[in-house]
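Chemist: If it helps, the file is called protein.cif and holds mmCIF, C-alpha atoms:
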```cif
data_my_file
loop_
_atom_site.group_PDB
_atom_site.id
_atom_site.type_symbol
_atom_site.label_atom_id
_atom_site.label_comp_id
_atom_site.auth_asym_id
_atom_site.auth_seq_id
_atom_site.Cartn_x
_atom_site.Cartn_y
_atom_site.Cartn_z
ATOM 1 C CA MET A 2 -64.793 131.194 175.531
ATOM 2 C CA PRO A 3 -61.488 129.251 175.670
ATOM 3 C CA GLU A 4 -59.966 128.506 172.294
ATOM 4 C CA GLN A 5 -59.683 124.818 173.146
ATOM 5 C CA THR A 6 -63.491 124.402 173.185
ATOM 6 C CA ARG A 7 -64.787 127.070 170.800
ATOM 7 C CA THR A 8 -66.608 125.959 167.603
ATOM 8 C CA ILE A 9 -65.908 122.230 167.962
ATOM 9 C CA ASN A 10 -68.601 119.734 167.107
ATOM 10 C CA GLN A 11 -69.543 116.956 169.492
ATOM 11 C CA ASP A 12 -67.649 114.271 167.552
ATOM 12 C CA LEU A 13 -64.354 116.049 168.235
ATOM 13 C CA ARG A 14 -65.197 116.520 171.913
ATOM 14 C CA ASP A 15 -65.637 112.746 172.249
ATOM 15 C CA LEU A 16 -62.143 111.793 171.067
ATOM 16 C CA GLY A 17 -60.814 111.545 174.628
ATOM 17 C CA ALA A 18 -58.234 114.352 174.325
ATOM 18 C CA PRO A 19 -59.327 117.919 173.531
ATOM 19 C CA PRO A 20 -57.503 119.691 170.691
ATOM 20 C CA THR A 21 -56.077 123.174 170.704
ATOM 21 C CA VAL A 22 -58.110 125.307 168.278
ATOM 22 C CA ARG A 23 -56.675 128.318 166.488
ATOM 23 C CA PRO A 24 -57.811 130.545 163.598
ATOM 24 C CA LEU A 25 -56.378 129.434 160.262
ATOM 25 C CA VAL A 26 -57.569 131.523 157.299
ATOM 26 C CA ASN A 27 -60.820 132.876 155.825
ATOM 27 C CA GLY A 28 -62.920 131.871 158.829
ATOM 28 C CA TYR A 29 -61.505 128.327 158.961
ATOM 29 C CA GLN A 30 -59.810 126.947 162.060
ATOM 30 C CA VAL A 31 -57.230 124.318 162.875
ATOM 31 C CA ALA A 32 -57.883 121.769 165.635
ATOM 32 C CA ARG A 33 -54.465 120.486 166.676
ATOM 33 C CA TRP A 34 -53.405 117.559 168.835
ATOM 34 C CA ASP A 35 -49.842 118.139 170.034
ATOM 35 C CA THR A 36 -49.736 114.707 171.677
ATOM 36 C CA PRO A 37 -51.870 112.401 169.532
ATOM 37 C CA ALA A 38 -50.841 109.442 171.698
ATOM 38 C CA GLU A 39 -53.247 110.792 174.336
ATOM 39 C CA LEU A 40 -56.254 109.933 172.177
ATOM 40 C CA THR A 41 -58.261 107.142 173.797
ATOM 41 C CA GLY A 42 -58.984 103.803 172.150
ATOM 42 C CA PRO A 43 -62.514 104.794 171.059
ATOM 43 C CA GLY A 44 -61.182 108.234 170.159
ATOM 44 C CA ARG A 45 -58.537 106.711 167.919
ATOM 45 C CA HIS A 46 -61.175 104.636 166.174
ATOM 46 C CA ARG A 47 -63.339 107.715 165.554
ATOM 47 C CA MET A 48 -60.351 109.716 164.334
ATOM 48 C CA LEU A 49 -59.256 106.919 162.010
ATOM 49 C CA THR A 50 -62.749 106.740 160.512
ATOM 50 C CA LEU A 51 -62.725 110.498 160.024
ATOM 51 C CA LEU A 52 -59.286 110.502 158.372
ATOM 52 C CA ARG A 53 -60.255 107.613 156.107
ATOM 53 C CA ASP A 54 -63.393 109.426 154.974
ATOM 54 C CA LEU A 55 -61.578 112.730 154.406
ATOM 55 C CA ALA A 56 -58.929 110.919 152.357
ATOM 56 C CA ALA A 57 -61.570 109.230 150.198
ATOM 57 C CA ARG A 58 -63.239 112.564 149.488
ATOM 58 C CA SER A 59 -59.922 114.349 148.925
ATOM 59 C CA PHE A 60 -58.268 111.855 146.595
ATOM 60 C CA GLY A 61 -61.234 110.245 144.915
ATOM 61 C CA ALA A 62 -59.940 106.796 145.822
ATOM 62 C CA ASP A 63 -60.467 104.298 148.616
ATOM 63 C CA HIS A 64 -57.449 104.384 150.977
ATOM 64 C CA SER A 65 -58.976 102.205 153.702
ATOM 65 C CA ASP A 66 -56.178 99.612 153.594
ATOM 66 C CA TYR A 67 -53.573 102.349 153.941
ATOM 67 C CA TRP A 68 -55.179 103.841 157.057
ATOM 68 C CA HIS A 69 -55.736 100.463 158.680
ATOM 69 C CA ALA A 70 -52.043 99.682 158.093
ATOM 70 C CA ARG A 71 -51.084 103.017 159.633
ATOM 71 C CA ASP A 72 -53.188 102.297 162.689
ATOM 72 C CA ASP A 73 -51.730 98.798 163.072
ATOM 73 C CA SER A 74 -48.191 100.220 162.915
ATOM 74 C CA GLY A 75 -48.824 102.670 165.765
ATOM 75 C CA PHE A 76 -49.727 105.836 163.863
ATOM 76 C CA PHE A 77 -51.118 107.756 166.850
ATOM 77 C CA ASP A 78 -48.149 106.860 169.050
ATOM 78 C CA GLN A 79 -45.600 107.869 166.416
ATOM 79 C CA ILE A 80 -46.838 111.142 164.950
ATOM 80 C CA SER A 81 -45.735 114.312 166.752
ATOM 81 C CA CYS A 82 -48.635 116.546 165.727
ATOM 82 C CA LEU A 83 -51.983 115.804 164.096
ATOM 83 C CA ALA A 84 -54.459 118.463 162.946
ATOM 84 C CA LEU A 85 -57.884 118.800 161.375
ATOM 85 C CA ILE A 86 -59.010 121.774 159.315
ATOM 86 C CA LEU A 87 -62.489 122.928 160.383
ATOM 87 C CA ASP A 88 -64.847 124.959 158.239
ATOM 88 C CA PRO A 89 -66.662 127.966 159.789
ATOM 89 C CA ALA A 90 -69.373 125.623 161.082
ATOM 90 C CA GLY A 91 -66.778 123.432 162.836
ATOM 91 C CA THR A 92 -66.974 120.513 160.385
ATOM 92 C CA PRO A 93 -63.658 118.800 159.432
ATOM 93 C CA VAL A 94 -62.753 119.385 155.768
ATOM 94 C CA GLY A 95 -59.042 118.528 155.757
ATOM 95 C CA TRP A 96 -56.170 117.190 157.796
ATOM 96 C CA GLY A 97 -52.393 117.051 158.134
ATOM 97 C CA GLY A 98 -49.610 116.215 160.539
ATOM 98 C CA TYR A 99 -45.880 115.838 160.975
ATOM 99 C CA HIS A 100 -43.110 113.985 162.784
ATOM 100 C CA ARG A 101 -40.192 115.699 164.519
ATOM 101 C CA HIS A 102 -37.019 113.815 163.739
ATOM 102 C CA ARG A 103 -33.304 114.125 163.073
ATOM 103 C CA PHE A 104 -31.977 112.910 159.759
ATOM 104 C CA ALA A 105 -28.206 112.841 159.239
ATOM 105 C CA SER A 106 -27.991 114.614 162.628
ATOM 106 C CA ARG A 107 -29.971 117.573 161.263
ATOM 107 C CA ARG A 108 -33.228 118.831 162.746
ATOM 108 C CA ALA A 109 -36.133 117.884 160.478
ATOM 109 C CA LEU A 110 -39.886 117.693 160.127
ATOM 110 C CA TYR A 111 -41.331 114.826 158.144
ATOM 111 C CA LEU A 112 -44.724 115.821 156.749
ATOM 112 C CA ASP A 113 -47.305 113.091 157.033
ATOM 113 C CA ALA A 114 -50.385 112.473 154.882
ATOM 114 C CA ALA A 115 -52.447 115.606 154.176
ATOM 115 C CA GLY A 116 -55.448 116.623 152.109
ATOM 116 C CA VAL A 117 -58.403 118.970 151.705
ATOM 117 C CA VAL A 118 -61.791 118.021 150.257
ATOM 118 C CA PRO A 119 -62.344 119.569 146.802
ATOM 119 C CA ALA A 120 -65.116 122.026 147.676
ATOM 120 C CA HIS A 121 -62.806 123.866 150.089
ATOM 121 C CA ARG A 122 -59.531 123.972 148.167
ATOM 122 C CA ARG A 123 -59.904 127.455 146.741
ATOM 123 C CA PHE A 124 -59.318 129.019 150.170
ATOM 124 C CA GLY A 125 -55.616 128.117 150.467
ATOM 125 C CA LEU A 126 -56.171 125.778 153.402
ATOM 126 C CA SER A 127 -53.333 123.336 152.718
ATOM 127 C CA SER A 128 -50.876 126.208 152.412
ATOM 128 C CA ALA A 129 -52.210 127.822 155.588
ATOM 129 C CA LEU A 130 -51.947 124.552 157.538
ATOM 130 C CA MET A 131 -48.329 123.957 156.498
ATOM 131 C CA THR A 132 -47.486 127.576 157.364
ATOM 132 C CA HIS A 133 -49.114 127.029 160.766
ATOM 133 C CA PHE A 134 -46.971 123.941 161.357
ATOM 134 C CA LEU A 135 -43.753 125.636 160.259
ATOM 135 C CA THR A 136 -44.432 128.741 162.339
ATOM 136 C CA ARG A 137 -44.881 126.673 165.497
ATOM 137 C CA GLU A 138 -41.705 124.701 164.965
ATOM 138 C CA LEU A 139 -39.414 127.486 163.724
ATOM 139 C CA ILE A 140 -40.435 129.990 166.382
ATOM 140 C CA ALA A 141 -39.570 127.370 169.007
ATOM 141 C CA ARG A 142 -36.186 126.783 167.306
ATOM 142 C CA PRO A 143 -35.390 129.991 165.375
ATOM 143 C CA TRP A 144 -31.644 129.493 164.934
ATOM 144 C CA GLY A 145 -30.245 127.417 162.116
ATOM 145 C CA ASN A 146 -31.983 125.341 159.470
ATOM 146 C CA THR A 147 -34.873 122.952 159.844
ATOM 147 C CA TYR A 148 -35.202 120.503 156.967
ATOM 148 C CA VAL A 149 -38.699 119.639 155.793
ATOM 149 C CA VAL A 150 -38.923 116.163 154.271
ATOM 150 C CA LEU A 151 -41.881 114.754 152.377
ATOM 151 C CA ARG A 152 -42.754 112.143 149.781
ATOM 152 C CA THR A 153 -45.066 113.061 146.926
ATOM 153 C CA ARG A 154 -45.929 112.183 143.367
ATOM 154 C CA HIS A 155 -47.947 115.368 142.821
ATOM 155 C CA PRO A 156 -46.063 117.849 140.592
ATOM 156 C CA ALA A 157 -48.047 120.791 142.002
ATOM 157 C CA VAL A 158 -46.687 120.037 145.471
ATOM 158 C CA TYR A 159 -43.122 120.280 144.182
ATOM 159 C CA SER A 160 -43.965 123.376 142.152
ATOM 160 C CA GLY A 161 -45.624 125.089 145.108
ATOM 161 C CA TRP A 162 -42.688 124.654 147.474
ATOM 162 C CA ARG A 163 -40.278 125.853 144.796
ATOM 163 C CA LYS A 164 -42.401 128.892 143.998
ATOM 164 C CA GLY A 165 -42.850 129.777 147.668
ATOM 165 C CA LEU A 166 -39.247 129.373 148.799
ATOM 166 C CA GLY A 167 -37.098 129.591 145.680
ATOM 167 C CA ARG A 168 -35.281 126.956 143.681
ATOM 168 C CA THR A 169 -32.171 126.846 145.860
ATOM 169 C CA ARG A 170 -34.025 125.630 148.962
ATOM 170 C CA VAL A 171 -36.014 122.811 147.351
ATOM 171 C CA HIS A 172 -34.426 119.500 146.344
ATOM 172 C CA PRO A 173 -34.131 117.661 144.057
ATOM 173 C CA ARG A 174 -33.291 120.296 141.449
ATOM 174 C CA ARG A 175 -33.353 119.186 137.864
ATOM 175 C CA ASP A 176 -30.633 121.688 136.927
ATOM 176 C CA ARG A 177 -28.137 120.746 139.675
ATOM 177 C CA PRO A 178 -26.806 117.545 141.281
ATOM 178 C CA VAL A 179 -28.189 116.706 144.702
ATOM 179 C CA PRO A 180 -25.815 118.212 147.330
ATOM 180 C CA ALA A 181 -24.048 115.709 149.564
ATOM 181 C CA MET A 182 -25.788 116.871 152.757
ATOM 182 C CA ILE A 183 -29.218 116.696 151.125
ATOM 183 C CA ALA A 184 -28.434 113.193 149.864
ATOM 184 C CA ARG A 185 -27.437 112.123 153.388
ATOM 185 C CA ILE A 186 -30.649 113.554 154.863
ATOM 186 C CA ALA A 187 -32.728 111.847 152.168
ATOM 187 C CA THR A 188 -30.926 108.537 152.625
ATOM 188 C CA ASP A 189 -31.470 108.601 156.380
ATOM 189 C CA ALA A 190 -35.125 109.563 155.940
ATOM 190 C CA ALA A 191 -35.686 106.804 153.369
ATOM 191 C CA ARG A 192 -34.137 104.261 155.726
ATOM 192 C CA TRP A 193 -36.445 105.444 158.549
ATOM 193 C CA LEU A 194 -39.443 105.113 156.238
ATOM 194 C CA GLY A 195 -38.447 101.613 155.143
ATOM 195 C CA ASP A 196 -37.619 102.873 151.650
ATOM 196 C CA GLY A 197 -33.837 102.717 151.913
ATOM 197 C CA PRO A 198 -33.105 100.283 149.038
ATOM 198 C CA ARG A 199 -35.695 101.979 146.815
ATOM 199 C CA LEU A 200 -34.173 105.477 146.971
ATOM 200 C CA ASP A 201 -31.886 106.746 144.226
ATOM 201 C CA PRO A 202 -29.818 109.422 146.070
ATOM 202 C CA ARG A 203 -28.828 111.002 142.740
ATOM 203 C CA THR A 204 -32.423 111.861 141.821
ATOM 204 C CA LEU A 205 -34.286 111.410 145.156
ATOM 205 C CA LEU A 206 -36.766 109.147 143.375
ATOM 206 C CA VAL A 207 -38.273 106.378 145.514
ATOM 207 C CA ARG A 208 -39.476 103.402 143.510
ATOM 208 C CA ASP A 209 -42.662 101.687 144.711
ATOM 209 C CA ALA A 210 -43.054 104.152 147.587
ATOM 210 C CA TYR A 211 -46.835 103.715 147.553
ATOM 211 C CA ARG A 212 -46.746 99.935 147.590
ATOM 212 C CA MET A 213 -49.139 99.913 150.567
ATOM 213 C CA PHE A 214 -51.992 101.012 148.284
ATOM 214 C CA GLU A 215 -54.030 98.248 146.711
ATOM 215 C CA GLY A 216 -55.466 100.527 144.027
ATOM 216 C CA CYS A 217 -54.694 103.943 142.586
ATOM 217 C CA VAL A 218 -53.170 106.684 144.696
ATOM 218 C CA TYR A 219 -55.062 109.339 142.745
ATOM 219 C CA GLY A 220 -58.347 108.963 140.925
ATOM 220 C CA VAL A 221 -56.987 111.162 138.125
ATOM 221 C CA ALA A 222 -53.278 111.732 137.394
ATOM 222 C CA PRO A 223 -52.307 114.996 139.134
ATOM 223 C CA ARG A 224 -50.859 117.919 137.218
ATOM 224 C CA SER A 225 -49.348 121.298 138.065
ATOM 225 C CA GLY A 226 -49.983 123.165 134.819
ATOM 226 C CA HIS A 227 -46.230 123.406 134.097
ATOM 227 C CA VAL A 228 -45.693 121.309 130.982
ATOM 228 C CA ASP A 229 -42.062 120.381 131.604
ATOM 229 C CA LEU A 230 -42.674 119.429 135.231
ATOM 230 C CA ASP A 231 -45.830 117.484 134.451
ATOM 231 C CA THR A 232 -43.988 115.634 131.677
ATOM 232 C CA TYR A 233 -41.167 114.721 134.060
ATOM 233 C CA PHE A 234 -43.588 113.302 136.640
ATOM 234 C CA ALA A 235 -45.566 111.465 133.973
ATOM 235 C CA GLU A 236 -42.499 109.885 132.356
ATOM 236 C CA GLN A 237 -40.101 109.375 135.284
ATOM 237 C CA VAL A 238 -42.302 108.940 138.369
ATOM 238 C CA GLY A 239 -44.267 105.711 138.138
ATOM 239 C CA PRO A 240 -47.827 105.182 139.463
ATOM 240 C CA LYS A 241 -46.520 103.907 142.816
ATOM 241 C CA ASP A 242 -43.272 105.945 142.862
ATOM 242 C CA ALA A 243 -42.567 109.191 144.721
ATOM 243 C CA VAL A 244 -40.133 112.070 144.857
ATOM 244 C CA LEU A 245 -38.526 112.393 148.275
ATOM 245 C CA MET A 246 -38.343 116.155 148.679
ATOM 246 C CA VAL A 247 -35.929 117.845 151.071
ATOM 247 C CA VAL A 248 -36.583 121.534 151.738
ATOM 248 C CA ARG A 249 -34.179 123.767 153.663
ATOM 249 C CA MET A 250 -36.221 126.051 155.912
ATOM 250 C CA SER A 251 -35.257 128.783 158.356
ATOM 251 C CA ALA A 252 -36.818 131.788 160.042
ATOM 252 C CA LEU A 253 -36.044 134.188 157.169
ATOM 253 C CA PRO A 254 -38.063 132.472 154.388
ATOM 254 C CA LEU A 255 -40.830 131.789 156.888
ATOM 255 C CA ALA A 256 -40.955 135.518 157.659
ATOM 256 C CA GLY A 257 -41.413 136.142 153.934
ATOM 257 C CA ILE A 258 -44.367 133.740 153.834
ATOM 258 C CA LEU A 259 -45.977 135.385 156.868
ATOM 259 C CA LEU A 260 -45.417 138.866 155.480
ATOM 260 C CA GLY A 261 -47.046 137.876 152.210
ATOM 261 C CA ARG A 262 -50.098 136.635 154.087
ATOM 262 C CA TYR A 263 -50.238 139.791 156.235
ATOM 263 C CA LEU A 264 -50.112 142.058 153.193
ATOM 264 C CA GLY A 265 -52.848 140.025 151.528
ATOM 265 C CA GLY A 266 -50.873 139.285 148.412
ATOM 266 C CA LEU A 267 -50.192 136.018 146.645
ATOM 267 C CA SER A 268 -48.480 134.374 149.565
ATOM 268 C CA PRO A 269 -46.362 131.309 148.875
ATOM 269 C CA ALA A 270 -48.212 128.019 148.865
ATOM 270 C CA PRO A 271 -45.720 125.585 150.389
ATOM 271 C CA THR A 272 -47.863 122.508 149.869
ATOM 272 C CA GLY A 273 -48.467 122.913 146.181
ATOM 273 C CA GLY A 274 -49.933 124.915 143.374
ATOM 274 C CA ARG A 275 -53.603 125.247 142.577
ATOM 275 C CA PRO A 276 -55.024 121.856 141.598
ATOM 276 C CA LEU A 277 -56.833 121.304 138.356
ATOM 277 C CA ARG A 278 -60.578 121.041 138.531
ATOM 278 C CA GLY A 279 -62.304 117.795 139.284
ATOM 279 C CA ALA A 280 -64.795 116.447 141.749
ATOM 280 C CA ALA A 281 -63.970 113.816 144.336
ATOM 281 C CA PRO A 282 -66.887 111.744 145.525
ATOM 282 C CA ALA A 283 -68.618 113.131 148.601
ATOM 283 C CA ARG A 284 -69.542 109.647 149.757
ATOM 284 C CA SER A 285 -68.426 107.252 152.405
ATOM 285 C CA THR A 286 -65.061 105.574 152.142
ATOM 286 C CA VAL A 287 -66.640 102.239 151.315
ATOM 287 C CA GLN A 288 -68.369 103.702 148.280
ATOM 288 C CA ALA A 289 -65.488 105.878 147.073
ATOM 289 C CA THR A 290 -64.348 105.350 143.515
ATOM 290 C CA PRO A 291 -61.278 106.753 141.756
ATOM 291 C CA THR A 292 -62.912 109.637 139.891
ATOM 292 C CA GLY A 293 -61.564 112.795 141.543
ATOM 293 C CA THR A 294 -58.625 115.013 140.806
ATOM 294 C CA GLY A 295 -56.944 114.292 144.129
ATOM 295 C CA ALA A 296 -55.788 116.517 146.961
ATOM 296 C CA PHE A 297 -52.835 118.863 147.083
ATOM 297 C CA GLY A 298 -50.501 115.925 147.475
ATOM 298 C CA LEU A 299 -50.516 112.624 149.251
ATOM 299 C CA ILE A 300 -47.626 112.477 151.664
ATOM 300 C CA PRO A 301 -47.709 109.069 153.341
ATOM 301 C CA GLY A 302 -45.243 108.667 156.135
ATOM 302 C CA GLY A 303 -44.500 107.304 159.559
ATOM 303 C CA ARG A 304 -43.382 103.880 158.393
ATOM 304 C CA PRO A 305 -46.815 102.501 157.424
#
```
Hey, can you dump this file as structure tokens for me?
Modeler:
Amino acid sequence: MPEQTRTINQDLRDLGAPPTVRPLVNGYQVARWDTPAELTGPGRHRMLTLLRDLAARSFGADHSDYWHARDDSGFFDQISCLALILDPAGTPVGWGGYHRHRFASRRALYLDAAGVVPAHRRFGLSSALMTHFLTRELIARPWGNTYVVLRTRHPAVYSGWRKGLGRTRVHPRRDRPVPAMIARIATDAARWLGDGPRLDPRTLLVRDAYRMFEGCVYGVAPRSGHVDLDTYFAEQVGPKDAVLMVVRMSALPLAGILLGRYLGGLSPAPTGGRPLRGAAPARSTVQATPTGTGAFGLIPGGRP
């Protein structure tokens, strides 16, 4: 049976544009739309409802206003790739996406919002999805660096990228000044996001980055388990602030990630460390309340 139609529930078939489906990890699959703009009007509405519900379950907070703002600003026409994570039964349990862009004349991927519902986090799905994205993009453009840019206020996200790729590739670094090229990439990205005046290029902190949220970003303050890092985020990164991360990627570190997965070891987790325990509400978005531990890291993007 063709991979585009295998193990997809009827709701996904009715979106107006069929996804490409590939194996992900541990029996899970990724359903990927390489041209999300092709989704029909009714399909966009269904997808938006699905993303809103997944976000509520992942973060333990109601993000309806955020997703409606994204839709109004042309989310489906702007994003380069959008994907859903499907469990072995074909039910969506997570999502992610990215934008291809050039910042400071350098090739870059801006990672959009992403999350996995709590009951499925122990399978490394966020890490596998990001590795899937990076593999597609770096194989198509294997020479030179591709810079991965993301906003987050989750210390485990920062910790995970640093652990997976090494300190020298992940910025900002608390033990070194931000290099001039990284600062230029971050400044250009912040301007594209509408955060230009709020970015401090010396620290890559973005003040009030999550201003589009009416309530809390996370139901419970996220932690990584590293005391110094958690203290930094708690004291320096405000409730609506974010760190604008810039990660220097190339084919060589990606090969290390893929080799680690092939050998079955503790492969790098580029989207973050293991989250602390906590249950997000498995209810509809309307009923969601801020009681969960949150997903691997909220990465809003695409100029909401």
Chemist: Name every residue that the PyMOL selection byres ((chain A and resi 250) around 7) selects in this structure, writing the answer as a PDB file with C-alpha atoms, in the coordinates of the input with chains first and numbers rising.
Modeler:
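selection-v3.pdb written:
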```
ATOM      1  CA  ASN A 146     -31.983 125.341 159.470  1.00  0.00           C
ATOM      2  CA  THR A 147     -34.873 122.952 159.844  1.00  0.00           C
ATOM      3  CA  TYR A 148     -35.202 120.503 156.967  1.00  0.00           C
ATOM      4  CA  VAL A 149     -38.699 119.639 155.793  1.00  0.00           C
ATOM      5  CA  VAL A 248     -36.583 121.534 151.738  1.00  0.00           C
ATOM      6  CA  ARG A 249     -34.179 123.767 153.663  1.00  0.00           C
ATOM      7  CA  SER A 251     -35.257 128.783 158.356  1.00  0.00           C
ATOM      8  CA  PRO A 254     -38.063 132.472 154.388  1.00  0.00           C
TER       9      PRO A 254
END
```
Chemist: Between A:Ser81, A:Gln30, A:Gln237, A:Thr204, which has the minimum distance to His133 (chain A) (counting only C-alpha atoms)?
Modeler: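 Smallest distance to His133 (chain A) is found for A:Gln30.
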Chemist: Show me, as a VMD selection string, the residues that have an atom within 6 Å of Ile80 (chain A) when counting all atoms listed in the file, minus same-chain residues fewer than 2 positions from it.
Modeler: chain A and resid 77 82 100
Chemist: Using all atoms listed in the file, what residues lie at most 8 Å away from (-53.5, 127.9, 162.0) (file coordinates), given as a PyMOL selection string?
Modeler: chain A and resi 23-26+30-31+129-130+132-134
Chemist: Can you report as AutoDock Vina command-line options the centre and edge lengths in Å, to one decimal, of an axis-aligned box around the listed atoms of region 147-163 of chain A padded with 5 Å on each side?
Modeler:
```
--center_x -41.5 --center_y 119.0 --center_z 150.2 --size_x 23.2 --size_y 23.7 --size_z 29.3
```
Chemist: Counting all atoms listed in the file, which residue out of A:Ala90, A:Met131, A:Leu255, A:Leu51 sits closest to Leu110 (chain A)?
Modeler: A:Met131
Chemist: Of the candidates A:Pro93, A:Gly75, A:Pro178, A:Gly161, which shows the shortest atom-to-atom distance to Asp54 (chain A), using all atoms listed in the file?
Modeler: A:Pro93
Chemist: Which residues come within 12 Å of Asp189 (chain A), counting all atoms listed in the file, excluding same-chain residues fewer than 2 positions away, as a list of chain:residue names?
Modeler: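 Contacts, in chain order: A:His102, A:Arg103, A:Phe104, A:Ala105, A:Ser106, A:Arg107, A:Ala109, A:Tyr111, A:Val150, A:Met182, A:Ile183, A:Ala184, A:Arg185, A:Ile186, A:Ala187, A:Ala191, A:Arg192, A:Trp193, A:Leu194, A:Gly195, A:Asp196, A:Gly197, A:Pro198, A:Leu200, A:Pro202, A:Leu205, A:Leu245, A:Val247.
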Chemist: Can you write out the residues you just picked, keeping C-alpha atoms, as a PDB file, in the coordinates of the input?
Modeler:
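What ended up in part21.pdb:
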```pdb
ATOM      1  CA  HIS A 102     -37.019 113.815 163.739  1.00  0.00           C
ATOM      2  CA  ARG A 103     -33.304 114.125 163.073  1.00  0.00           C
ATOM      3  CA  PHE A 104     -31.977 112.910 159.759  1.00  0.00           C
ATOM      4  CA  ALA A 105     -28.206 112.841 159.239  1.00  0.00           C
ATOM      5  CA  SER A 106     -27.991 114.614 162.628  1.00  0.00           C
ATOM      6  CA  ARG A 107     -29.971 117.573 161.263  1.00  0.00           C
ATOM      7  CA  ALA A 109     -36.133 117.884 160.478  1.00  0.00           C
ATOM      8  CA  TYR A 111     -41.331 114.826 158.144  1.00  0.00           C
ATOM      9  CA  VAL A 150     -38.923 116.163 154.271  1.00  0.00           C
ATOM     10  CA  MET A 182     -25.788 116.871 152.757  1.00  0.00           C
ATOM     11  CA  ILE A 183     -29.218 116.696 151.125  1.00  0.00           C
ATOM     12  CA  ALA A 184     -28.434 113.193 149.864  1.00  0.00           C
ATOM     13  CA  ARG A 185     -27.437 112.123 153.388  1.00  0.00           C
ATOM     14  CA  ILE A 186     -30.649 113.554 154.863  1.00  0.00           C
ATOM     15  CA  ALA A 187     -32.728 111.847 152.168  1.00  0.00           C
ATOM     16  CA  ALA A 191     -35.686 106.804 153.369  1.00  0.00           C
ATOM     17  CA  ARG A 192     -34.137 104.261 155.726  1.00  0.00           C
ATOM     18  CA  TRP A 193     -36.445 105.444 158.549  1.00  0.00           C
ATOM     19  CA  LEU A 194     -39.443 105.113 156.238  1.00  0.00           C
ATOM     20  CA  GLY A 195     -38.447 101.613 155.143  1.00  0.00           C
ATOM     21  CA  ASP A 196     -37.619 102.873 151.650  1.00  0.00           C
ATOM     22  CA  GLY A 197     -33.837 102.717 151.913  1.00  0.00           C
ATOM     23  CA  PRO A 198     -33.105 100.283 149.038  1.00  0.00           C
ATOM     24  CA  LEU A 200     -34.173 105.477 146.971  1.00  0.00           C
ATOM     25  CA  PRO A 202     -29.818 109.422 146.070  1.00  0.00           C
ATOM     26  CA  LEU A 205     -34.286 111.410 145.156  1.00  0.00           C
ATOM     27  CA  LEU A 245     -38.526 112.393 148.275  1.00  0.00           C
ATOM     28  CA  VAL A 247     -35.929 117.845 151.071  1.00  0.00           C
TER      29      VAL A 247
END
```
Chemist: Residues near Ala38 (chain A), anyone? I mean within 10 Å using only C-alpha atoms, not counting same-chain ones fewer than 2 positions away, as a ChimeraX atom specification.
Modeler: /A:18,34-36,40-42,45,75-83
Chemist: Can you work out which one of A:Ala141, A:Val117, A:Met48, A:Leu206 has the shortest atom-to-atom distance to Val244 (chain A), counting all atoms listed in the file?
Modeler: A:Leu206
Chemist: Would you kindly return, as an NGL selection string, each protein, DNA or RNA residue with an atom no farther than 10 Å from any atom of Ala252 (chain A), considering all atoms listed in the file and excluding same-chain residues fewer than 2 positions away?
Modeler: :A and (135-136 or 138-140 or 142-147 or 250 or 254-258)
Chemist: Mind pulling up the distance from CA of Gly95 (chain A) to CA of Leu126 (chain A)?
Modeler: 8.1 Å
Chemist: Work out how far apart CA of Val158 (chain A) and CA of Pro223 (chain A) are and give it in Å to one decimal.
Modeler: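 If I compute the distance from CA of Val158 (chain A) to CA of Pro223 (chain A), I get 9.9 Å.
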Chemist: Find the residue from A:Arg152, A:Leu85, A:Pro180, A:Ala57 that sits nearest to Thr21 (chain A); use all atoms listed in the file when measuring.
Modeler: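 Under the stated criterion, the closest residue is A:Leu85.
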